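Reproduced below: entry_38.txt, with compact mmCIF, C-alpha atoms and all ligand atoms.
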```txt
# COMPACT_ATOMS: atom_id res chain seq x y z
CA MET G 1 126.51 147.11 60.26
CA SER G 2 127.45 150.81 59.82
CA GLU G 3 128.08 153.01 62.87
CA ALA G 4 124.80 154.84 62.33
CA GLU G 5 122.87 151.57 62.17
CA HIS G 6 124.63 150.34 65.30
CA SER G 7 123.81 153.45 67.31
CA ARG G 8 120.17 153.23 66.26
CA ARG G 9 119.92 149.66 67.41
CA THR G 10 121.58 150.28 70.74
CA ARG G 11 120.28 153.72 71.74
CA SER G 12 117.89 153.94 74.69
CA PRO G 13 114.29 155.08 74.25
CA ARG G 14 114.00 158.84 74.49
CA ARG G 15 112.64 160.48 77.62
CA GLY G 16 108.86 160.31 77.94
CA GLU G 17 108.46 158.00 74.96
CA ASP G 18 108.15 154.58 76.56
CA TRP G 19 104.45 154.48 77.20
CA GLY G 20 104.66 150.80 78.07
CA GLU G 21 106.15 151.52 81.49
CA GLY G 22 104.52 153.11 84.52
CA THR G 23 100.99 154.34 85.09
CA PRO G 24 100.24 158.08 85.07
CA ALA G 25 100.02 157.92 88.87
CA GLU G 26 103.56 156.52 89.03
CA ARG G 27 104.92 159.37 86.89
CA SER G 28 106.02 162.40 88.86
CA GLU G 29 103.58 164.86 87.26
CA PHE G 30 100.72 164.98 84.82
CA PRO G 31 101.99 165.59 81.32
CA HIS G 32 99.65 168.41 80.30
CA PRO G 33 98.55 171.70 81.88
CA THR G 34 94.96 171.87 83.08
CA ARG G 35 94.40 175.35 81.65
CA ALA G 36 94.51 175.99 77.91
CA PRO G 37 97.40 178.29 76.96
CA ARG G 38 96.44 181.01 74.52
CA VAL G 39 97.35 180.11 70.94
CA ASP G 40 96.63 182.52 68.12
CA LEU G 41 94.43 180.72 65.64
CA SER G 42 92.92 183.85 64.15
CA SER G 43 93.73 183.11 60.53
CA PRO G 44 93.52 179.32 59.88
CA GLY G 45 90.08 178.33 58.78
CA GLY G 46 88.71 181.63 59.98
CA GLY G 47 87.93 182.73 56.46
CA GLY G 48 91.45 184.08 55.81
CA ALA G 49 94.29 182.41 53.97
CA PRO G 50 96.15 179.54 55.69
CA ARG G 51 99.22 180.74 57.58
CA HIS G 52 102.76 179.81 56.60
CA ASP G 53 104.50 181.51 59.49
CA TRP G 54 103.88 178.95 62.22
CA THR G 55 106.55 179.14 64.90
CA ARG G 56 107.72 176.16 66.89
CA GLU G 57 106.35 177.81 70.05
CA GLN G 58 102.88 178.05 68.53
CA VAL G 59 102.94 174.46 67.31
CA ARG G 60 104.27 173.28 70.67
CA ALA G 61 101.49 175.17 72.48
CA LEU G 62 98.93 173.31 70.35
CA PHE G 63 100.47 169.93 71.18
CA ASP G 64 100.43 170.91 74.88
CA LEU G 65 96.73 171.80 74.97
CA PRO G 66 94.42 169.65 77.11
CA PHE G 67 93.15 166.91 74.81
CA PRO G 68 89.47 168.04 74.77
CA GLU G 69 90.50 171.61 73.93
CA LEU G 70 92.81 170.44 71.13
CA MET G 71 90.10 168.22 69.66
CA PHE G 72 87.53 171.02 69.82
CA ARG G 73 89.81 173.45 67.99
CA ALA G 74 90.73 170.85 65.36
CA GLN G 75 87.07 170.04 64.75
CA GLU G 76 86.10 173.67 64.46
CA ILE G 77 88.68 174.18 61.72
CA HIS G 78 87.90 170.88 60.04
CA ARG G 79 84.20 171.69 59.76
CA ARG G 80 84.87 175.13 58.29
CA ASN G 81 86.86 173.59 55.48
CA PHE G 82 85.51 170.07 54.89
CA ASP G 83 82.47 167.83 55.15
CA PRO G 84 83.30 165.99 58.41
CA GLY G 85 81.48 162.87 57.19
CA ALA G 86 83.56 162.36 54.01
CA VAL G 87 86.81 160.45 53.62
CA GLN G 88 89.06 160.41 50.57
CA ILE G 89 90.08 156.86 49.66
CA SER G 90 93.49 156.09 48.14
CA THR G 91 94.89 152.72 47.14
CA LEU G 92 98.59 151.96 47.22
CA LEU G 93 100.51 149.66 44.93
CA SER G 94 104.19 148.81 45.19
CA ILE G 95 105.23 148.86 41.52
CA LYS G 96 108.88 148.16 42.37
CA THR G 97 109.50 146.34 45.64
CA GLY G 98 112.63 145.95 47.78
CA GLY G 99 116.36 146.12 47.12
CA CYS G 100 116.54 149.86 47.86
CA PRO G 101 120.04 151.30 48.38
CA GLU G 102 118.89 153.83 51.02
CA ASP G 103 119.17 153.21 54.77
CA CYS G 104 115.84 154.57 56.12
CA ALA G 105 115.74 152.87 59.54
CA TYR G 106 111.98 152.21 59.42
CA CYS G 107 111.86 150.66 55.98
CA PRO G 108 111.57 146.95 55.21
CA GLN G 109 112.50 147.66 51.57
CA SER G 110 116.05 148.77 52.29
CA ALA G 111 118.58 146.24 50.95
CA ARG G 112 120.62 146.86 54.11
CA TYR G 113 118.21 145.07 56.43
CA ASP G 114 116.90 141.55 56.45
CA ALA G 115 113.17 142.19 56.74
CA GLY G 116 112.08 139.30 54.53
CA VAL G 117 111.15 141.49 51.54
CA ARG G 118 112.31 140.00 48.24
CA ALA G 119 113.70 142.48 45.71
CA GLU G 120 111.54 142.51 42.58
CA LYS G 121 111.67 144.15 39.16
CA LEU G 122 109.39 147.00 38.09
CA MET G 123 105.89 145.63 37.41
CA SER G 124 104.57 145.52 33.85
CA LEU G 125 102.15 148.16 32.61
CA ASP G 126 99.37 145.60 32.17
CA ALA G 127 99.73 144.27 35.72
CA VAL G 128 99.61 147.80 37.16
CA LEU G 129 96.51 148.69 35.14
CA ALA G 130 94.78 145.49 36.28
CA GLU G 131 95.41 146.51 39.93
CA ALA G 132 94.15 150.03 39.21
CA ARG G 133 90.89 148.66 37.77
CA THR G 134 90.41 146.55 40.90
CA ALA G 135 91.04 149.59 43.11
CA ARG G 136 88.55 151.67 41.11
CA ALA G 137 85.90 148.96 41.35
CA ALA G 138 86.45 148.83 45.13
CA GLY G 139 85.76 152.57 45.41
CA ALA G 140 89.21 154.21 45.43
CA SER G 141 89.42 157.71 43.97
CA ARG G 142 93.22 157.89 43.90
CA PHE G 143 95.82 155.32 42.91
CA CYS G 144 99.30 155.73 44.35
CA MET G 145 102.27 153.90 42.85
CA GLY G 146 105.32 153.43 45.07
CA ALA G 147 108.82 152.39 44.06
CA ALA G 148 111.74 151.43 46.31
CA TRP G 149 114.19 153.72 44.56
CA ARG G 150 116.58 156.40 45.77
CA GLU G 151 115.64 158.16 42.52
CA PRO G 152 114.27 156.93 39.17
CA LYS G 153 116.58 156.25 36.22
CA GLU G 154 115.48 157.70 32.88
CA ARG G 155 114.34 154.31 31.54
CA ASP G 156 112.32 153.71 34.70
CA LEU G 157 110.67 157.06 34.25
CA ASP G 158 109.55 156.17 30.70
CA ASN G 159 107.74 153.15 32.14
CA VAL G 160 106.22 155.05 35.08
CA CYS G 161 104.96 157.80 32.75
CA ALA G 162 103.12 155.15 30.72
CA MET G 163 101.58 153.82 33.95
CA VAL G 164 100.48 157.31 34.99
CA GLU G 165 98.82 157.84 31.58
CA GLY G 166 97.06 154.48 31.79
CA VAL G 167 95.78 154.96 35.36
CA LYS G 168 94.59 158.47 34.58
CA ALA G 169 92.68 157.16 31.55
CA LEU G 170 90.73 154.90 33.95
CA GLY G 171 89.34 158.02 35.62
CA LEU G 172 91.45 157.75 38.77
CA GLU G 173 93.57 160.49 40.31
CA THR G 174 97.22 159.53 40.01
CA CYS G 175 99.94 159.66 42.65
CA ALA G 176 103.50 158.36 42.65
CA THR G 177 106.32 158.08 45.15
CA LEU G 178 109.62 157.27 43.46
CA GLY G 179 112.28 158.98 45.60
CA MET G 180 114.20 162.11 44.65
CA LEU G 181 113.39 163.83 41.33
CA THR G 182 115.19 166.29 39.07
CA ALA G 183 113.22 169.25 37.75
CA ALA G 184 113.08 167.62 34.29
CA GLN G 185 111.72 164.35 35.73
CA ALA G 186 109.02 166.23 37.66
CA GLN G 187 108.00 168.01 34.45
CA ARG G 188 107.81 164.73 32.53
CA LEU G 189 105.57 163.22 35.20
CA LYS G 190 103.34 166.28 35.09
CA ALA G 191 103.07 166.02 31.30
CA ALA G 192 102.07 162.34 31.68
CA GLY G 193 99.16 163.40 33.89
CA LEU G 194 100.51 162.93 37.42
CA ASP G 195 98.22 164.65 39.93
CA PHE G 196 100.15 164.08 43.20
CA TYR G 197 103.72 163.25 44.19
CA ASN G 198 104.39 161.77 47.62
CA HIS G 199 107.71 162.61 49.21
CA ASN G 200 107.85 162.75 53.01
CA ILE G 201 110.09 164.78 55.29
CA ASP G 202 109.53 161.90 57.75
CA THR G 203 110.47 163.74 60.99
CA SER G 204 112.06 166.89 62.42
CA PRO G 205 115.29 168.26 60.91
CA GLU G 206 117.07 167.42 64.22
CA PHE G 207 116.02 163.78 64.44
CA TYR G 208 116.31 163.07 60.72
CA GLY G 209 120.01 162.07 60.89
CA ASP G 210 119.17 159.33 63.43
CA ILE G 211 116.83 157.76 60.86
CA ILE G 212 118.43 158.28 57.42
CA THR G 213 122.05 158.93 56.54
CA THR G 214 122.04 158.37 52.77
CA ARG G 215 120.24 161.61 51.82
CA THR G 216 119.70 164.89 53.59
CA TYR G 217 116.65 166.80 54.77
CA GLN G 218 117.57 169.49 52.25
CA ASP G 219 117.54 166.86 49.43
CA ARG G 220 113.93 166.16 50.38
CA LEU G 221 112.97 169.84 50.48
CA ASP G 222 114.63 170.33 47.06
CA THR G 223 112.57 167.51 45.51
CA LEU G 224 109.39 168.96 47.05
CA GLN G 225 110.16 172.33 45.50
CA ARG G 226 110.77 170.77 42.06
CA VAL G 227 107.46 168.91 42.29
CA ARG G 228 105.67 172.11 43.27
CA GLU G 229 107.30 174.07 40.45
CA ALA G 230 106.25 171.41 37.93
CA GLY G 231 102.63 172.06 38.94
CA ILE G 232 102.09 168.66 40.62
CA HIS G 233 100.15 168.58 43.90
CA VAL G 234 102.38 167.78 46.85
CA CYS G 235 101.71 164.91 49.26
CA CYS G 236 104.14 165.25 52.15
CA GLY G 237 104.05 164.13 55.76
CA GLY G 238 105.97 161.88 58.09
CA ILE G 239 106.14 159.03 60.56
CA VAL G 240 105.65 159.09 64.32
CA GLY G 241 106.59 156.40 66.83
CA MET G 242 110.22 156.15 65.68
CA GLY G 243 111.64 157.03 69.13
CA GLU G 244 111.39 160.77 68.48
CA THR G 245 110.40 163.23 71.21
CA ARG G 246 107.29 165.39 71.18
CA GLU G 247 109.60 168.26 70.25
CA ASP G 248 110.52 166.31 67.08
CA ARG G 249 106.83 165.93 66.25
CA VAL G 250 106.49 169.70 66.82
CA GLY G 251 109.45 170.26 64.47
CA MET G 252 107.98 168.00 61.80
CA ILE G 253 104.58 169.73 61.78
CA ALA G 254 106.16 173.21 62.02
CA THR G 255 108.32 172.37 58.97
CA LEU G 256 105.32 171.16 56.95
CA ALA G 257 103.15 174.10 57.99
CA SER G 258 105.79 176.66 57.07
CA LEU G 259 106.46 175.36 53.56
CA PRO G 260 105.79 178.14 50.98
CA ALA G 261 102.55 176.30 50.09
CA HIS G 262 101.04 173.65 52.35
CA PRO G 263 101.11 170.12 50.91
CA GLU G 264 97.67 169.31 49.47
CA SER G 265 97.91 165.94 51.26
CA VAL G 266 99.63 165.33 54.59
CA PRO G 267 100.09 161.62 55.38
CA ILE G 268 100.70 160.95 59.06
CA ASN G 269 102.09 157.44 59.43
CA MET G 270 102.35 155.47 62.67
CA LEU G 271 105.57 153.45 62.42
CA VAL G 272 104.91 149.89 61.28
CA ARG G 273 107.57 148.04 63.30
CA VAL G 274 108.90 145.48 60.86
CA GLY G 275 111.22 142.71 62.15
CA GLY G 276 114.77 143.05 60.80
CA THR G 277 114.66 146.87 60.52
CA PRO G 278 116.61 148.92 63.08
CA LEU G 279 113.36 150.31 64.51
CA ALA G 280 111.68 146.92 64.99
CA GLY G 281 112.03 147.11 68.77
CA GLU G 282 110.81 150.70 69.29
CA PRO G 283 108.24 150.99 72.07
CA LYS G 284 104.70 151.63 70.87
CA LEU G 285 103.75 155.30 70.83
CA ASP G 286 100.74 156.32 72.94
CA PRO G 287 97.81 156.32 70.45
CA LEU G 288 96.56 159.59 71.98
CA GLU G 289 99.85 161.22 70.99
CA PHE G 290 99.21 160.03 67.43
CA VAL G 291 95.74 161.61 67.57
CA ARG G 292 97.29 164.85 68.85
CA THR G 293 99.69 164.88 65.87
CA ILE G 294 96.73 164.57 63.49
CA ALA G 295 94.86 167.37 65.28
CA VAL G 296 97.83 169.73 65.15
CA ALA G 297 98.32 168.96 61.45
CA ARG G 298 94.64 169.78 60.86
CA ILE G 299 94.84 173.10 62.75
CA THR G 300 98.07 174.29 61.17
CA MET G 301 97.22 173.14 57.60
CA PRO G 302 93.48 173.81 57.55
CA ARG G 303 92.83 173.15 53.87
CA SER G 304 95.06 170.10 53.39
CA MET G 305 93.76 166.55 53.30
CA VAL G 306 95.26 164.89 56.38
CA ARG G 307 95.76 161.19 55.77
CA LEU G 308 95.59 158.60 58.53
CA SER G 309 98.23 156.48 56.77
CA ALA G 310 100.36 153.50 57.82
CA GLY G 311 99.72 151.79 61.14
CA ARG G 312 95.93 151.32 60.99
CA GLU G 313 96.25 147.53 61.04
CA ASP G 314 97.41 147.68 64.67
CA MET G 315 95.18 150.59 65.66
CA SER G 316 91.89 150.16 67.48
CA GLU G 317 88.74 151.34 65.75
CA GLU G 318 88.26 153.79 68.61
CA THR G 319 91.66 155.37 67.91
CA GLN G 320 90.84 155.59 64.21
CA ALA G 321 87.52 157.24 65.06
CA LEU G 322 89.39 159.77 67.23
CA CYS G 323 91.71 160.46 64.27
CA PHE G 324 88.65 161.32 62.14
CA LEU G 325 87.35 163.55 64.94
CA ALA G 326 90.78 165.20 65.04
CA GLY G 327 90.47 166.10 61.35
CA ALA G 328 91.88 163.16 59.39
CA ASN G 329 89.93 162.90 56.15
CA SER G 330 91.81 160.42 54.01
CA ILE G 331 92.95 156.79 54.33
CA PHE G 332 94.68 154.06 52.38
CA TYR G 333 92.09 151.45 51.49
CA GLY G 334 92.84 147.83 50.62
CA PRO G 335 94.55 144.96 52.44
CA LYS G 336 98.13 145.99 51.68
CA LEU G 337 100.16 149.19 51.95
CA LEU G 338 103.44 148.70 50.08
CA THR G 339 104.80 145.59 51.77
CA THR G 340 102.87 145.50 55.07
CA SER G 341 99.23 144.83 55.92
CA ASN G 342 96.40 147.32 56.09
CA PRO G 343 92.87 146.52 57.33
CA GLY G 344 90.86 144.47 54.81
CA ARG G 345 88.18 146.21 52.72
CA ASP G 346 85.35 144.54 54.65
CA ARG G 347 86.68 145.82 57.95
CA ASP G 348 86.99 149.36 56.62
CA ARG G 349 83.55 149.30 54.98
CA ASP G 350 82.11 148.14 58.28
CA LEU G 351 83.94 150.88 60.20
CA MET G 352 82.79 153.58 57.76
CA GLU G 353 79.24 152.32 58.00
CA ARG G 354 79.26 152.30 61.80
CA LEU G 355 80.70 155.82 61.82
CA GLY G 356 78.19 156.94 59.18
CA MET G 357 80.99 158.24 56.96
CA ARG G 358 81.14 158.17 53.16
CA ALA G 359 83.89 157.93 50.54
CA LEU G 360 84.66 161.02 48.45
CA GLU G 361 84.31 160.54 44.68
CA PRO G 362 87.18 161.64 42.37
CA GLY G 363 86.89 165.40 41.87
CA ASP G 364 84.45 165.83 44.82
N1 LIG M 1 111.44 155.16 48.00
C1 LIG M 1 110.63 156.31 47.96
C2 LIG M 1 110.92 157.28 49.08
O1 LIG M 1 111.41 156.89 50.11
O2 LIG M 1 110.62 158.47 48.88
C3 LIG M 1 109.15 156.01 47.94
C4 LIG M 1 108.58 154.88 48.78
S1 LIG M 1 108.76 155.06 50.57
C5 LIG M 1 108.39 153.44 51.13
C6 LIG M 1 107.38 156.08 51.03
C7 LIG M 1 107.21 156.43 52.48
O3 LIG M 1 106.66 155.33 53.20
C8 LIG M 1 108.42 156.80 53.31
O4 LIG M 1 108.84 158.11 53.09
C9 LIG M 1 107.92 156.62 54.72
O5 LIG M 1 107.40 157.84 55.19
C10 LIG M 1 106.81 155.57 54.58
N2 LIG M 1 107.17 154.32 55.26
C11 LIG M 1 108.05 153.38 54.85
N3 LIG M 1 108.17 152.38 55.73
C12 LIG M 1 107.32 152.66 56.75
C13 LIG M 1 107.00 152.01 57.98
N4 LIG M 1 107.58 150.88 58.34
N5 LIG M 1 106.08 152.58 58.78
C14 LIG M 1 105.49 153.75 58.42
N6 LIG M 1 105.77 154.41 57.29
C15 LIG M 1 106.67 153.89 56.46
C1 LIG M 2 103.08 157.39 53.01
O1 LIG M 2 103.27 158.43 53.67
N1 LIG M 2 102.76 156.21 53.52
C2 LIG M 2 102.66 155.20 52.47
C3 LIG M 2 102.80 156.05 51.19
N2 LIG M 2 103.15 157.33 51.69
C4 LIG M 2 103.65 155.62 50.11
C5 LIG M 2 103.61 154.08 52.63
C6 LIG M 2 103.49 153.33 53.93
C7 LIG M 2 104.41 152.17 53.88
C8 LIG M 2 104.32 151.30 55.09
C9 LIG M 2 105.31 150.20 55.06
C10 LIG M 2 105.13 149.22 53.95
O2 LIG M 2 103.99 148.75 53.69
O3 LIG M 2 106.14 148.83 53.34
FE1 LIG M 3 114.15 153.13 49.98
FE2 LIG M 3 112.03 154.69 50.22
FE3 LIG M 3 112.39 152.58 51.86
FE4 LIG M 3 113.95 154.71 52.12
S1 LIG M 3 111.73 154.65 52.42
S2 LIG M 3 114.64 152.55 52.09
S3 LIG M 3 114.16 155.36 49.99
S4 LIG M 3 112.04 152.50 49.69
```

Rewritten as structure tokens:
Amino acid sequence: MSEAEHSRRTRSPRRGEDWGEGTPAERSEFPHPTRAPRVDLSSPGGGGAPRHDWTREQVRALFDLPFPELMFRAQEIHRRNFDPGAVQISTLLSIKTGGCPEDCAYCPQSARYDAGVRAEKLMSLDAVLAEARTARAAGASRFCMGAAWREPKERDLDNVCAMVEGVKALGLETCATLGMLTAAQAQRLKAAGLDFYNHNIDTSPEFYGDIITTRTYQDRLDTLQRVREAGIHVCCGGIVGMGETREDRVGMIATLASLPAHPESVPINMLVRVGGTPLAGEPKLDPLEFVRTIAVARITMPRSMVRLSAGREDMSEETQALCFLAGANSIFYGPKLLTTSNPGRDRDRDLMERLGMRALEPGD
């Protein structure tokens, strides 16, 4: 085990993060002020252009709002920009599973951890297209192909470009997440018809080094810029529940909201704690803190699709409903994410029906 892996496994939970211990009455003070601090929200969703100059103080003040006030503000902005009853539906497929050389502490696909994921070869074009047809028939509007690579090799990219062309021809929006890209690779994917590229910043710049040591935060920002310059829509978000502090969640959202252009999609993942990964034993994050993260993403990036991503399998339907109220308007649909479980289609159809929400069609 490397030193970084060892320190992750042995470090104590961060202050205020272990929601499993102590009732609010046992804690010395209530965590949030009872009066709403003033936060300038004049531009987002108010008819003007989204802001890109969010300061940490402003983002922190949003996180610190009383929950009802935060939800009200998020809903106001959500309704100005979107139909609150519509959800965009994406399906994920792991086209190349496991055996990844990177050391992302949350990830069951890293070859460094024994999480029971078998390393597989890149899927064939026919097998991928068969999965895409199934996803389309089940109502997905976007098909996202994920590969456990640090970065694609040129030969891999030839194959992925053929997959993108094939999926696009089925009338689905295309998305891929393949690791770091060069400018030339981003341009090739664009030429093949790629609509979205997913590449997450994962957390705050400060906490990042506790989670990944094999590539830097700047590497990620560089790939995002290349994707943007190639004319591909950006899908970029992160993970919460990894032992980070609220200040790290503030830093993550502030980084996303001050990118030169907001990502068109912002996936907010709740850590899926997979046995064998260094983060398997992290305490569960308070679901209300997850909802807050969604609400702050909605307020600061008013025109982005905010995706309630990994972690729904262990989330109550009430928490998911709160996420939609907070401005989430996209989900992964289908029983599997990349290697872990997601709610089955029946369960999600039932939830959507009970909430009276509908799926967005491609191009809606
Ligand atoms: N290998 C590529 C990369 O890392 O960019 C693409 C695939 S990677 C699995 C895509 C994203 O999935 C990661 O950036 C991370 O945000 C998310 N992810 C992976 N494992 C997760 C877990 N256990 N819980 C929540 N999100 C996870
Ligand atoms: C994202 O932000 N979440 C998805 C997608 N982008 C590729 C991945 C979630 C993976 C969860 C762990 C797994 O199933 O392996
Ligand atoms: Fe590899 Fe991506 Fe998993 Fe990191 S998140 S270990 S790069 S598959």

Nearest residue to G:Gly281 from the set G:Ala127, G:Met242, G:Leu256, G:Cys235 (distances using only C-alpha atoms):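 That would be G:Met242, the residue with the smallest distance to G:Gly281.
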
Considering only C-alpha atoms, give me a table of residues in stretch 210-258 of chain G that are at most 10 Å from stretch 158-178 of chain G, with the closest atom pair and distance in Å for each, as CSV.
```
residue,atom,partner,partner_atom,distance
G:Ile232,CA,G:Cys175,CA,9.5
G:His233,CA,G:Cys175,CA,9.0
G:Val234,CA,G:Cys175,CA,9.5
G:Cys235,CA,G:Cys175,CA,8.6
```

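For the pair atom CA of G:Thr223 and atom S1 of ligand LIG 3 (chain M), the separation is 14.6 Å.
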
With all atoms listed in the file counted, collect every polymer residue having an atom within 8 Å of ligand LIG 1 (chain M); state the result as number ranges by chain. G: 100, 104, 106-109, 146-151, 177-180, 198-202, 237-240, 269-274, 309-311, 338, 340

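Computed from the coordinates, the atom CA of G:Tyr197 to atom CA of G:Leu129 distance equals 18.6 Å.
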
Considering all atoms listed in the file, can you say which of G:Thr319, G:Ser94, G:Thr55, G:Thr182 comes closest to ligand LIG 2 (chain M)? G:Ser94

What would stretch 332-343 of chain G look like with N, CA, C and O atoms restored, written as an mmCIF file, in the coordinates of the input?
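Printed below is rebuild.cif as written:
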```
data_model
loop_
_atom_site.group_PDB
_atom_site.id
_atom_site.type_symbol
_atom_site.label_atom_id
_atom_site.label_comp_id
_atom_site.auth_asym_id
_atom_site.auth_seq_id
_atom_site.Cartn_x
_atom_site.Cartn_y
_atom_site.Cartn_z
ATOM 1 N N PHE G 332 94.337 155.071 53.377
ATOM 2 C CA PHE G 332 94.680 154.060 52.380
ATOM 3 C C PHE G 332 93.716 152.903 52.566
ATOM 4 O O PHE G 332 93.533 152.418 53.688
ATOM 5 N N TYR G 333 93.134 152.469 51.469
ATOM 6 C CA TYR G 333 92.090 151.450 51.490
ATOM 7 C C TYR G 333 92.574 150.234 50.722
ATOM 8 O O TYR G 333 93.156 150.384 49.637
ATOM 9 N N GLY G 334 92.356 149.061 51.267
ATOM 10 C CA GLY G 334 92.840 147.830 50.620
ATOM 11 C C GLY G 334 93.768 147.114 51.580
ATOM 12 O O GLY G 334 94.368 147.736 52.459
ATOM 13 N N PRO G 335 93.887 145.787 51.424
ATOM 14 C CA PRO G 335 94.550 144.960 52.440
ATOM 15 C C PRO G 335 96.060 145.120 52.550
ATOM 16 O O PRO G 335 96.661 144.585 53.467
ATOM 17 N N LYS G 336 96.671 145.863 51.614
ATOM 18 C CA LYS G 336 98.130 145.990 51.680
ATOM 19 C C LYS G 336 98.536 147.440 51.477
ATOM 20 O O LYS G 336 97.925 148.150 50.655
ATOM 21 N N LEU G 337 99.557 147.875 52.209
ATOM 22 C CA LEU G 337 100.160 149.190 51.950
ATOM 23 C C LEU G 337 101.174 148.964 50.831
ATOM 24 O O LEU G 337 100.769 148.657 49.716
ATOM 25 N N LEU G 338 102.462 149.065 51.115
ATOM 26 C CA LEU G 338 103.440 148.700 50.080
ATOM 27 C C LEU G 338 103.878 147.257 50.285
ATOM 28 O O LEU G 338 103.693 146.409 49.406
ATOM 29 N N THR G 339 104.399 146.976 51.482
ATOM 30 C CA THR G 339 104.800 145.590 51.770
ATOM 31 C C THR G 339 104.118 145.058 53.025
ATOM 32 O O THR G 339 104.211 143.876 53.315
ATOM 33 N N THR G 340 103.485 145.924 53.805
ATOM 34 C CA THR G 340 102.870 145.500 55.070
ATOM 35 C C THR G 340 101.342 145.538 54.967
ATOM 36 O O THR G 340 100.794 146.105 54.021
ATOM 37 N N SER G 341 100.694 144.952 55.984
ATOM 38 C CA SER G 341 99.230 144.830 55.920
ATOM 39 C C SER G 341 98.516 146.101 56.343
ATOM 40 O O SER G 341 98.994 146.865 57.184
ATOM 41 N N ASN G 342 97.340 146.234 55.782
ATOM 42 C CA ASN G 342 96.400 147.320 56.090
ATOM 43 C C ASN G 342 95.087 146.591 56.396
ATOM 44 O O ASN G 342 94.913 145.443 55.976
ATOM 45 N N PRO G 343 94.140 147.223 57.101
ATOM 46 C CA PRO G 343 92.870 146.520 57.330
ATOM 47 C C PRO G 343 92.215 146.089 56.006
ATOM 48 O O PRO G 343 92.333 146.799 55.002
#
```
